[in-house]
Structure formats: C-alpha cells, structure tokens
Amino acid sequence: MKKLALAVALAFAAGGALAQEKTVRISGFGAKTGPVRSFGINSEAAMQAAADVINKGGGVKLADGSKAKIVVDFYDDACNAEQGISVIRRIAGTDALVAIGPTCSNVAEPLFGILQKKVDDKTDTGLQFPVFTDVAIKVGLAKISEWAFRNVPNEMTMYSSLFYWLRQKYPDLKTVWGGVEEDFAHSRATWHVVMKDRANANNFQVLGESKWLLADTNFATQVREMKKANADIIAISAHPFSMCGALKEMQRQGVKPKVLVGLTSSSSLETLQGCAKQAQGMIIPTSFAPVTKEAKFAAEQTAKYKGAADLHSMAAWENMFILKQVMESEKISGDKSQVQADRRKIRDGLAKLKVTKGLLGDTKRTDDREADKPYLFVQAKGSEWVVLHNPL
Amino acid sequence: MDFYFGLIQLIGVHTLLGLSAYIVLLTGQVTLAQAAFYAIGAYVSGMLTVLAGWHIVPALGVGALAGAVAACAVGFPALRVKGLMLVIATLAFGEGVRIFFFNFDYQIAKGDIKVGPLGGEGFRQIRFFPENGWTTLEVMLFIWAFVIAVMALLWWFDRSRYGAVLRAVGEDEVAAQSVGVNLTAVKVSAMTVGGAIAGIAGSLYAHYTTHIEHSNFNVLVATFAIAYPIVGGLQSVFGTLAAVIFVQGFLIEGLRGLGDWRNLLFGALIVLAMNLRPQGIFWRRGA
Amino acid sequence: MLDFVQAVSDGVLFGATYALIGIGFTLVFGVMHKINMAYAAASIGAAYAGLLLLQVMAGAPPWAVFACAFLAGGLLGWLVYLACFHFIPLSHPLATLMSTVGMLLLIDEVVVHATDGMPQSYPAMFDDVMLHAGEFTLRGDLLLVFGVCVVAMACLLALLYRTRLGLATRAVSQQPVAAQLCGIQVARVNAMTFVVTGLLGGLAGAMIGASVGTLSPLLSGPLTVKGLIVTVIGGLGSIPGAIVAGLLVGGFENVFQLYRGVTERDLYVMLLLFVFLVFRPGGIFAARAGRD
C-alpha cells in the first residue's frame, strides 16, 4: 500500500513539474444586475460548468500539442449599452481570446456596431475581437459585423414549423389574433415580421393584434379587443411580466382561445413563477428541453453551479464546446504574446463552420453568422414546460 | 489601453451631460429635461452623418443648435412653474420627447438596406468614427476638446458678471429682480446654453455607441444629468467632473470586482454621499 | 359609445391605484415641502415584503399578505426618512432629492437581488369577480381597490383633522418655527408622516400587486412618473386632489389608448399635464396659500 501511495505521489509531482499549467481565457458577459439578472447568472453557470467538463477531459489542445485549461470569467453589463461597450473593450484588453454574450439585444446592437465591420478592412478602426452570442435574440444582428457570431434560435424557422404543425393537427381552426409588446424590439419584431407572416403562410387568417408596453399593468382594453375578435388561436409575443398581466386579464374576462402560442424566450421559469395557472397549455417553440442524453447532462452540470438550464444558458454551454472545437481545428497557439493572432484564428474558424453540435442535434450555421438550431415545441403543464412535440 | 480611452470617452460625454444641467441648476431651476435635449442632439446629428453624409463637426453643430432651440422653447413656459412643479413638468417633457422618438420613423434606402431611425427598433449603424478611420484615442481627444471648451466657458461665466447674475437668480429671485436683473433673460438663456451643451453631448453619444433608441433617453438618464452637478457640488464646474469620475469611474467600473454587490452599493453610496456631503464633493468652506 | 364608457370605467377603476401612490407623494410634500422620489419603489418593495409571509406560512390568505405589506411599508417609510431626511439639513433640498433617488435605486436593486428579477405571482381578492350589466363589465377586485382608496382617504383626513398628531402635522407644515415654539417635536412629526405615508404606500403596493396579478421590479419606474404627474395635477399637498387626479389620469390614459393606441398614449398623458400646468398650475385643488 505504501509503495502504491509513494508511486502515485511521485507521479503527481512529476506531472506537476513537467506540465506548466497553460490556460486559455474565454470571457462571458451579460446582465447580472437588473430585472434580467437571472439570464446572466444562468449563462455564467453554464460557462463554468462547461469549462469544468472540458478541463476534466484534459482541456484544449494547442498548436504545439500541449493542452491548456480553459479559464472563464464573467462581466456584468447591467443590460446597458455603454457598460456593454466598456466591458468588451476591457475584455479585449485582457488575454481573453473570445467573448460569449451579451444577454440583451439593446446591448448587442451597439456593441456589434463598434466592432470592425469587415475583416481586413484597414480603413475601419472598429474593434477586432470575436463575440459569440448566447442570448441576445433580436433578428438579424450578426450581419452588423464579421466579428459577431450568434448561436440563438431562428424564430422564422421555428414559428413556420409551429404554425404548419398547428394547421395539420387542428384542421378546423381558422383565425389568429396577436398580443404584442410594442416597445421591446425583439417581441415587436417577432410578431410583425415572424408570427403574423408564418400564420398567414399556413392558411390562418390573422384578424389583427392587441398592443401593449413592456411595463404595462392594465390590459382591459386589449383583452376586450381579443374577446370581440374571438379568434381560435391567440399568439402572444411578449416577455413574462406583461404576458402574465395579459393572461390574467384574459382569465378575468373569460377569453379562452383554443390554442395559446407564446414567445420563444418566455418558455422559461419566469413565466411559471409569474402566472403558471394562467399559462397552462401555452405552446412555445424552443431550442432546448432536457430530452437527449447530452441535454440532460448539461442541465445537471449547470445545476451544480447554481444555474438553470434553459434555451439561453444552454446556448452558452454549446458555445463553449464549439469554441473548443474551433480552437483545436484552427490550431491556436495559446501563447500570451500571440493573443490577437489567436483571436483572428477563432473568428475565421467560426466563420468557416457549416454545422455545429447542439444539445438537441446538429445546428446549421448560416452565411450571415447566425444559427439554425433544432427545436421542439413545449407546453406549460403544471409547474413545468413539458415537451409537446419533438420534430427531431 | 483601448479600454481606458473608451472609459475616458464615456466620462467626457457624461461630464457634458452633467454640465448641461449644471448651468440650469445655478439659476435655481431643477430640470429633468436635459435627457430630451441630449436625445434631440443625438438623433439630429446621427441623421445628418448617416442619411445626409455630413462630416461629424457640422453635424455636431446642428445637433447643438437643435438642442438649444428646443431648450429655448421649453425655457419660456418653464418660467411659469416653480420649484418641484418644474421638476415634474420637465420630467413629463423629457418623457414626451422620448415617446416621440419611440414613434419616429425616417428611413431612406442606401444601396440594398434601409438606414435611419425606425421607431421602437432604434437607429442603428451610426458608424462615422470607425468608417472614417478614427482610433479610440482620436475619438477620446475629440470628445475632450469639447469637454474642455465647455468647462472653460462655464468657468469663465463663473468668473464674470453673467455667472454672478445666474447664481443671484438661483439664490433669491426677488432680491435679484430688485437690483434690476431680468429674470426671463437669465433663466431662458441658462436653459438655452444647457440645451446646446446637451445637444453636443447627445451627438457624441450617438456616434460613439453607434446605435441609439428611445430607451437610451429615459428618466434614469435625466436623473443622472442632475445627479452629477448635485453630487459634485454647484460651487464649481470641477465638481461635476469629479462626480462623473466618482460615479462612472469608481462606482460603475471600479467596483466591478465586487460582482453582485456593485449595483447594491451604487444606490447606498449615493445616499451616503448626500448625507455626508450634502453640499457636494467640491465645496470650499466660506466660498 | 359603449367602448368609450367601458374604457373610461376600466381606466378610472385602475386609476385608484395611481391615486393611492399620489396621496403618498402629496402628503410628504404637504408636510415637508419635499418630494420623496423613492416612494413608489418603497411601496412596491413593501408589496414584495408581504410575499415573505408566504415563505413562512404557505397557505396564508391574501388579506394577511396585504397586512404584511402594509406593515412593511411603514417600516420602509421610516427607513427612507432616516436615510434621506433626518440627517440632511433642510437647507440642502437638492441633496435630499438626490438621496431619495439613491434610495429608489437601492430598493429596486435589493428587490432584484432577492427575486433574481423574476416576476412573482401576487395573491388577489375578488379577482375572479366580474360584475356584468349587459355588455358592460366592472372588475370586482378594482372595486375593492377603489373602496380601499376611499377608506384610506377618510382615515387619513380623520387622522389629520381629528387627532393631536394630525394637528401637529398641520402645524409643522404651515409654520415649522412657530410649531417648535409651541413644543411640537418637528423631527418626531416628520418621522411619523413618513411612517403613515409608508403604511399607505405598503397598502398601495399590495393593491397594485393584486390588481396586476404579478409583481416585477419594472413597476416602480412608471409608477413614480405617474404618481408625480397625479400629484401635480391634483395640487401639491392636497389629498382629495391626488384622489381625483389619480382617477382622472387613469380614465384619460385608457381613453387615449383606445383612440390613439398604446405607443402614443403616454404622450397624451404628458400633454394633459401640460394643459393643467398652463391653465391651472396650482392643480385641481390648489392648496390654500399660507400666511407667507
């Protein structure tokens, strides 16, 4: 026994002396304060959990064959554009090779705007730093810069599929009415550009929509409109707070559509905390549910770091593994004096990708640096989001 | 280094915002409308550089002018309301301007994409600086050229008769009137100068963040605008600068190491600062 | 036509919540001639505190949660007084204003930290009661809020005009120096004013939570703005004014929304304020001018 212990100790000592611990830094950033604080908390947890798994498996293989451990840090941008810009500049000044974030679309848009628009454009003094977004979902943002990449669900594809499926499953439903949060770019665009369009394309008749604002508290007039329209399907493109207000008013006025559809990012714990009873039966297309082995594993690991697994945080998890793969295939040096060259390699590597591994299956990458993620439909049942239909 | 240049840029723009409120506060008018003039400057200059292809300097000039004109228009009715009613009236005006921009669409096609303000979606791609090869350092120096010019102007006012008159009106309107000071001229002129400064600040803001939308000009920004001169002290322009460095440099960036506690401490430290130094950071005894 | 009447009635009933917040702002102004910018945030904070009861007693009835919010409001009111008004000399009104802003930010952030920003379902009473008169409907729970508002006004007026504390409060608001000469402890009276408005605020927060159905930190910003507008329209310092103005703003807001849509609604509320400022700057019930 003693000999074995001695051998093990020597082995550790030798290992420690031989391998000087090389590290590769990936920085995360997002909202850790303010009303959307839970997003930042969950993304950070997912990133830490993923780094842990990667490091336990040896880490990232560098160009010279050695392995480096991934180090993760996370910055708070408070969902504020100026802080976001300050944070990305700060990250660019460290030895971080890539950043995962931000949470809020209103931070992503200005932030991508200060990045260099086209690589190798010497006249453009924008920041040259790769950003791989996990959460900010407003449509079409990665187009802004060739250094910006996103791994967020494509709402056009998902709602297309959802309305198609609804058309098949409920052939006698004809009409749709919308509920839109007008002052939030994401929810507004999703109704006007995505939901309405896709409903029409699948032979539903969109009778109209009711509008409200993000922080509104009185939905009586809007719900009255809904009641008059008496549509078969009501699709609500709003975030949990105002959606809950509208749903509660609908309950009060006895508005019960045959099918209730919601906004992708509202398929989270927030909705169930706010109005589980009223949201029962709501169908939402989402890019995450713990239905595969990998997905369950990711959720468990993230829970160890006190984060919840939902479509937002699990994108951060996926990003970590995609980045590991890119770092290895592009053969980054991991050398602290070659940080900018490594960043460029990562950017080029991300741009080359046509397919990435997602937790639900393979994700296609588009030419404008967005993702076409596999999705499924979930439904609010009890106090959980349960898988309703898995087209995979 | 880029990070520090960026931070100094931010401090510069916020100092201008604070100074735009400083001059109005001197006359005893507490205004929550500075964010509105900031917004007007931002949208006007953004539209000029993006839609009309102007150079930043004339666009800035027109932004400042737009801010001044709007402020002058607000200055006259503001004379009729006093004290806390003015606070609320200017708050309402500021919100009104914000909602106006929330509804404001003006897009033109440039090539195959449309540019310009699009209501709730905001005004994107205001990229004059990066497209024209300005480095972070150059933008920082550009911003600070204006900050120094405005601070010098206000410092000079403080040493001239105009400054004395401003403060006299702020101290006691009746007494000032009794020595022949024209209240209307003083208060409206202060408001106009404040509007021009806010217009410059807004124009710079639009160009260094590249994307503006209505929620960037909300009540919180208006409150910060008066917070800087109040926390800094109304004795001197350096007070406002000190307050901006304290808030943006220390409370927001400096406390990052505290993680979650940072935002909690923010409110608490402001309360503490006001209790410990109600007259402001920069205050010379007996001055 | 029915749409119009319905919009007005929906709006007026909801306006009762604005009235409750307006009363708090106006009372502090009336007594101390200062605005407590943290008032709406403290009211919402107190409503959240009411939810703490559910952590301890899972099946607690709604009225118990409201009572808890009521008491928490009083405590918060006193804390705001201590932090912002007790130590800062009266000669620095801007400092008190700024410190109340600091308190607003602090309270909001504490709430966000405690709940991770997630909306919390709030218990309600009579939220399933809808009174019908043909096509016309009235929300039962808002009628309750309305009733609470009326009772609160009555209690407050009784407090101000029938008790010694009320007498002292009125004395301090009219002539602080003379009041001190009569032996009234000004600091005590001011603290009590904050506790009383805090209690009212806690109740208002609970009523708002109950009528919206969900609590979120997003609520405090718009409530602050609306509360201040209501205070000015009603007349700074006038409690009946705050009530009437609250109902008025609630009604007009809903009518504007009916005719001009939700994106322009708030613009018209601001215009309503400006109309009052131009034609009746003192507010609906302009406070009677004091001796000086």
# chains A, B, ... in the order shown; residues from 1 in each chain; ligands from 1

$ closest_atom_pairs --of "chain C" --to "chain B" --cutoff "7 Å" --atoms "only C-alpha atoms" --output "Markdown table"
| residue | atom | partner | partner_atom | distance |
| --- | --- | --- | --- | --- |
| C:Ala83 | CA | B:Val271 | CA | 6.9 |
| C:Cys84 | CA | B:Val271 | CA | 7.0 |
| C:Phe87 | CA | B:Asn275 | CA | 6.5 |
| C:Ile88 | CA | B:Asn275 | CA | 5.5 |
| C:His92 | CA | B:Pro278 | CA | 6.5 |
| C:Leu94 | CA | B:Ile230 | CA | 6.7 |
| C:Ala95 | CA | B:Pro278 | CA | 5.2 |
| C:Met98 | CA | B:Ala227 | CA | 6.5 |
| C:Ser99 | CA | B:Val271 | CA | 4.5 |
| C:Gly102 | CA | B:Gly267 | CA | 4.3 |
| C:Met103 | CA | B:Gly267 | CA | 5.9 |
| C:Leu105 | CA | B:Gly267 | CA | 5.1 |
| C:Leu106 | CA | B:Gly267 | CA | 4.5 |
| C:Glu109 | CA | B:Leu264 | CA | 5.8 |
| C:Val110 | CA | B:Leu264 | CA | 6.7 |
| C:Leu228 | CA | B:Ile88 | CA | 6.6 |
| C:Ile229 | CA | B:Ile88 | CA | 6.7 |
| C:Val232 | CA | B:Met85 | CA | 6.6 |
| C:Thr263 | CA | B:Asn103 | CA | 6.9 |
| C:Leu267 | CA | B:Gly96 | CA | 5.2 |
| C:Met270 | CA | B:Ala92 | CA | 5.5 |

$ closest_atom_pairs --of "chain C" --to "chain A" --cutoff "7 Å" --atoms "only C-alpha atoms" --output "Markdown table"
| residue | atom | partner | partner_atom | distance |
| --- | --- | --- | --- | --- |
| C:Ala7 | CA | A:Thr221 | CA | 6.5 |
| C:Asp10 | CA | A:Ala220 | CA | 6.7 |
| C:Glu109 | CA | A:Gly34 | CA | 6.8 |
| C:Val112 | CA | A:Pro35 | CA | 6.1 |
| C:Asp116 | CA | A:Ser38 | CA | 5.4 |
| C:Gly117 | CA | A:Pro35 | CA | 4.2 |
| C:Met118 | CA | A:Glu270 | CA | 5.4 |
| C:Pro119 | CA | A:Gly274 | CA | 5.0 |
| C:Gln120 | CA | A:Gly274 | CA | 4.8 |
| C:Ser121 | CA | A:Gly274 | CA | 4.5 |
| C:Asp128 | CA | A:Arg252 | CA | 5.8 |
| C:Val212 | CA | A:Thr217 | CA | 5.6 |
| C:Gly213 | CA | A:Gly245 | CA | 6.5 |
| C:Thr214 | CA | A:Gly274 | CA | 5.9 |
| C:Ser216 | CA | A:Phe241 | CA | 6.9 |
| C:Pro217 | CA | A:Pro35 | CA | 6.4 |
| C:Leu218 | CA | A:Ala215 | CA | 5.9 |
| C:Leu219 | CA | A:Ala215 | CA | 6.4 |
| C:Val262 | CA | A:Trp212 | CA | 5.7 |

$ select_by_dssp --residues "stretch 139-271 of chain A" --states "strand (DSSP E)" --output "count of residues only"
26

$ interface_residues --of "chain B" --to "chain A" --cutoff "10 Å" --atoms "only C-alpha atoms" --output "PDB file with C-alpha atoms, in the first residue's frame"
ATOM      1  CA  MET B   1      -5.300  50.924 -23.406  1.00  0.00           C
ATOM      2  CA  ASP B   2      -8.381  50.921 -25.580  1.00  0.00           C
ATOM      3  CA  PHE B   3     -10.472  50.254 -22.516  1.00  0.00           C
ATOM      4  CA  TYR B   4      -9.120  53.323 -20.705  1.00  0.00           C
ATOM      5  CA  PHE B   5      -9.616  55.514 -23.766  1.00  0.00           C
ATOM      6  CA  GLY B   6     -13.179  54.234 -24.004  1.00  0.00           C
ATOM      7  CA  LEU B   7     -13.794  54.941 -20.336  1.00  0.00           C
ATOM      8  CA  LEU B  10     -17.636  57.919 -21.568  1.00  0.00           C
ATOM      9  CA  ILE B  99     -42.070  58.744 -26.709  1.00  0.00           C
ATOM     10  CA  PHE B 102     -40.251  55.830 -29.939  1.00  0.00           C
ATOM     11  CA  ASN B 103     -42.770  56.578 -32.689  1.00  0.00           C
ATOM     12  CA  GLY B 119     -39.280  53.896 -34.081  1.00  0.00           C
ATOM     13  CA  GLY B 120     -39.036  51.289 -31.365  1.00  0.00           C
ATOM     14  CA  GLU B 121     -36.213  49.456 -33.121  1.00  0.00           C
ATOM     15  CA  GLY B 122     -33.918  52.422 -32.840  1.00  0.00           C
ATOM     16  CA  PHE B 123     -31.370  53.994 -35.124  1.00  0.00           C
ATOM     17  CA  ARG B 124     -28.549  51.692 -35.981  1.00  0.00           C
ATOM     18  CA  GLN B 125     -25.241  51.908 -37.788  1.00  0.00           C
ATOM     19  CA  ILE B 126     -24.183  55.408 -36.851  1.00  0.00           C
ATOM     20  CA  ARG B 127     -20.606  54.479 -37.726  1.00  0.00           C
ATOM     21  CA  PHE B 129     -15.942  57.192 -36.410  1.00  0.00           C
ATOM     22  CA  PRO B 130     -14.943  53.627 -37.328  1.00  0.00           C
ATOM     23  CA  GLU B 131     -15.801  54.101 -41.024  1.00  0.00           C
ATOM     24  CA  ASN B 132     -13.534  57.132 -41.245  1.00  0.00           C
ATOM     25  CA  GLY B 133     -10.642  55.504 -39.507  1.00  0.00           C
ATOM     26  CA  TRP B 134     -10.795  57.319 -36.188  1.00  0.00           C
ATOM     27  CA  THR B 135      -8.990  55.403 -33.463  1.00  0.00           C
ATOM     28  CA  THR B 136     -10.299  55.184 -29.937  1.00  0.00           C
ATOM     29  CA  TYR B 205     -23.135  59.755 -27.566  1.00  0.00           C
ATOM     30  CA  ALA B 206     -24.850  58.660 -30.776  1.00  0.00           C
ATOM     31  CA  HIS B 207     -21.563  58.383 -32.609  1.00  0.00           C
ATOM     32  CA  TYR B 208     -19.578  56.538 -30.028  1.00  0.00           C
ATOM     33  CA  THR B 209     -22.240  53.905 -29.304  1.00  0.00           C
ATOM     34  CA  THR B 210     -23.256  53.566 -32.998  1.00  0.00           C
ATOM     35  CA  HIS B 211     -26.848  52.679 -32.064  1.00  0.00           C
ATOM     36  CA  ILE B 212     -29.477  54.763 -30.277  1.00  0.00           C
ATOM     37  CA  GLU B 213     -33.035  54.045 -29.304  1.00  0.00           C
ATOM     38  CA  HIS B 214     -35.697  55.712 -27.235  1.00  0.00           C
ATOM     39  CA  SER B 215     -34.873  53.797 -24.060  1.00  0.00           C
ATOM     40  CA  ASN B 216     -31.384  55.355 -24.038  1.00  0.00           C
ATOM     41  CA  GLN B 248     -18.698  56.172 -13.787  1.00  0.00           C
ATOM     42  CA  ILE B 252     -19.550  51.552 -12.080  1.00  0.00           C
ATOM     43  CA  GLU B 253     -16.169  50.428 -13.397  1.00  0.00           C
ATOM     44  CA  ARG B 256     -16.591  45.562 -10.804  1.00  0.00           C
ATOM     45  CA  GLY B 257     -14.509  43.358  -8.567  1.00  0.00           C
ATOM     46  CA  GLY B 259     -19.556  41.429  -8.533  1.00  0.00           C
ATOM     47  CA  ASP B 260     -23.159  41.394  -7.450  1.00  0.00           C
ATOM     48  CA  TRP B 261     -22.619  43.949  -4.720  1.00  0.00           C
ATOM     49  CA  ARG B 262     -21.730  46.651  -7.182  1.00  0.00           C
ATOM     50  CA  ASN B 263     -25.245  47.690  -8.057  1.00  0.00           C
ATOM     51  CA  LEU B 264     -26.431  47.383  -4.474  1.00  0.00           C
TER      52      LEU B 264
END

$ residues_around --residues "stretch 95-103 of chain A" --least-positions-apart "6" --cutoff "6 Å" --atoms "only C-alpha atoms" --output "PDB file with C-alpha atoms, in the first residue's frame"
ATOM      1  CA  ARG A  25      -9.320  32.525 -21.359  1.00  0.00           C
ATOM      2  CA  ILE A  26     -12.909  32.802 -22.529  1.00  0.00           C
ATOM      3  CA  SER A  27     -14.816  35.733 -21.064  1.00  0.00           C
ATOM      4  CA  GLY A  28     -18.548  35.842 -20.645  1.00  0.00           C
ATOM      5  CA  PHE A  29     -20.641  38.943 -20.232  1.00  0.00           C
ATOM      6  CA  GLY A  30     -24.296  39.723 -19.751  1.00  0.00           C
ATOM      7  CA  ALA A  31     -26.837  41.067 -17.339  1.00  0.00           C
ATOM      8  CA  PRO A 130     -14.718  37.824 -31.786  1.00  0.00           C
ATOM      9  CA  VAL A 131     -18.041  37.778 -29.960  1.00  0.00           C
ATOM     10  CA  PHE A 132     -20.158  34.634 -29.862  1.00  0.00           C
ATOM     11  CA  THR A 133     -23.616  35.456 -28.602  1.00  0.00           C
ATOM     12  CA  ASP A 134     -25.662  33.097 -26.479  1.00  0.00           C
ATOM     13  CA  VAL A 135     -28.774  35.054 -25.590  1.00  0.00           C
ATOM     14  CA  ALA A 136     -29.475  38.319 -27.440  1.00  0.00           C
ATOM     15  CA  ARG A 343      -8.473  35.792 -31.841  1.00  0.00           C
TER      16      ARG A 343
END

$ select_by_dssp --residues "stretch 120-232 of chain B" --states "alpha helix (DSSP H)" --output "JSON, numbers by chain"
{"B": [128, 129, 130, 131, 136, 137, 138, 139, 140, 141, 142, 143, 144, 145, 146, 147, 148, 149, 150, 151, 152, 153, 154, 155, 156, 157, 158, 159, 161, 162, 163, 164, 165, 166, 167, 168, 169, 170, 171, 173, 174, 175, 176, 177, 178, 183, 184, 185, 186, 187, 188, 189, 190, 191, 192, 193, 194, 195, 196, 197, 198, 199, 200, 201, 202, 203, 204, 205, 206, 207, 208, 209, 219, 220, 221, 222, 223, 224, 225, 226, 227, 228, 229, 230, 231, 232]}

$ atom_distance --atom1 "atom CA of A:Arg347" --atom2 "atom CA of A:Val71"
18.9 Å

$ atom_distance --atom1 "atom CA of B:Met47" --atom2 "atom CA of A:Lys118"
22.9 Å

$ residues_around --residues "C:Gly251" --least-positions-apart "6" --cutoff "12 Å" --atoms "only C-alpha atoms" --output "list in words"
Asn218 and Thr221 of chain A; Phe4, Val5, Gln6, Ala7, Val8, Ser9, Asp10, Gly11, Val12, Leu13, Phe14, Gly15, Ala16, Thr17, Tyr18, Ala19, Val244, Ala245, Gln257, Leu258, Arg265, Val269 and Leu272 of chain C

$ atom_distance --atom1 "atom CA of B:Val69" --atom2 "atom CA of B:Ser20"
14.1 Å

$ residues_around --residues "stretch 145-161 of chain B" --least-positions-apart "6" --cutoff "12 Å" --atoms "only C-alpha atoms" --output "tab-separated table (two decimals) with C-alpha atoms, in the first residue's frame"
chain	number	residue	atom	x	y	z
B	8	ILE	CA	-12.40	58.45	-20.68
B	9	GLN	CA	-14.67	58.98	-23.70
B	10	LEU	CA	-17.64	57.92	-21.57
B	11	ILE	CA	-16.60	60.21	-18.72
B	12	GLY	CA	-16.30	63.05	-21.20
B	13	VAL	CA	-19.78	62.62	-22.64
B	14	HIS	CA	-21.34	62.24	-19.21
B	15	THR	CA	-19.49	65.34	-17.98
B	16	LEU	CA	-21.02	67.31	-20.82
B	17	LEU	CA	-24.44	65.95	-19.88
B	18	GLY	CA	-23.83	66.96	-16.27
B	19	LEU	CA	-22.61	70.41	-17.25
B	20	SER	CA	-25.75	70.95	-19.31
B	21	ALA	CA	-27.71	70.55	-16.10
B	22	TYR	CA	-25.16	72.47	-14.02
B	23	ILE	CA	-25.76	75.78	-15.69
B	24	VAL	CA	-29.52	75.46	-15.36
B	26	LEU	CA	-27.30	77.53	-10.97
B	57	VAL	CA	-18.24	68.55	-36.92
B	60	LEU	CA	-22.43	68.28	-34.09
B	61	GLY	CA	-23.01	71.96	-34.63
B	64	ALA	CA	-26.10	71.63	-30.54
B	138	GLU	CA	-8.63	60.16	-31.54
B	139	VAL	CA	-12.30	59.94	-30.62
B	167	ARG	CA	-26.21	82.50	-9.04
B	168	ALA	CA	-28.03	85.55	-7.76
B	181	VAL	CA	-31.82	91.61	-13.13
B	186	VAL	CA	-31.29	84.96	-17.32
B	190	ALA	CA	-29.25	79.44	-19.00
B	193	VAL	CA	-26.97	77.18	-23.12
B	194	GLY	CA	-27.76	73.99	-21.21
B	196	ALA	CA	-26.83	73.41	-26.56
B	197	ILE	CA	-24.37	71.57	-24.31
B	198	ALA	CA	-26.75	68.62	-24.02
B	199	GLY	CA	-27.12	68.63	-27.80
B	200	ILE	CA	-23.35	68.32	-28.20
B	201	ALA	CA	-23.24	65.55	-25.60
B	203	SER	CA	-24.38	63.94	-30.74
B	204	LEU	CA	-21.17	62.49	-29.34
B	234	LEU	CA	-22.64	73.58	-7.53
B	235	GLN	CA	-19.68	75.68	-6.49
B	236	SER	CA	-17.55	74.81	-9.48
B	237	VAL	CA	-17.54	73.00	-12.81
B	238	PHE	CA	-14.87	70.70	-11.44
B	239	GLY	CA	-17.47	69.35	-9.04
B	240	THR	CA	-19.45	67.90	-11.92
B	241	LEU	CA	-16.33	66.35	-13.40

$ residues_around --residues "stretch 59-73 of chain C" --least-positions-apart "2" --cutoff "8 Å" --atoms "only C-alpha atoms" --output "ChimeraX atom specification"
/C:42-43,45-51,53-54,57,75-77,123-125,195,198-203,205-207

$ closest_residue --among "A:Lys228, A:His312, A:Lys324, A:Lys69" --to "C:Asp3" --atoms "only C-alpha atoms"
A:Lys228
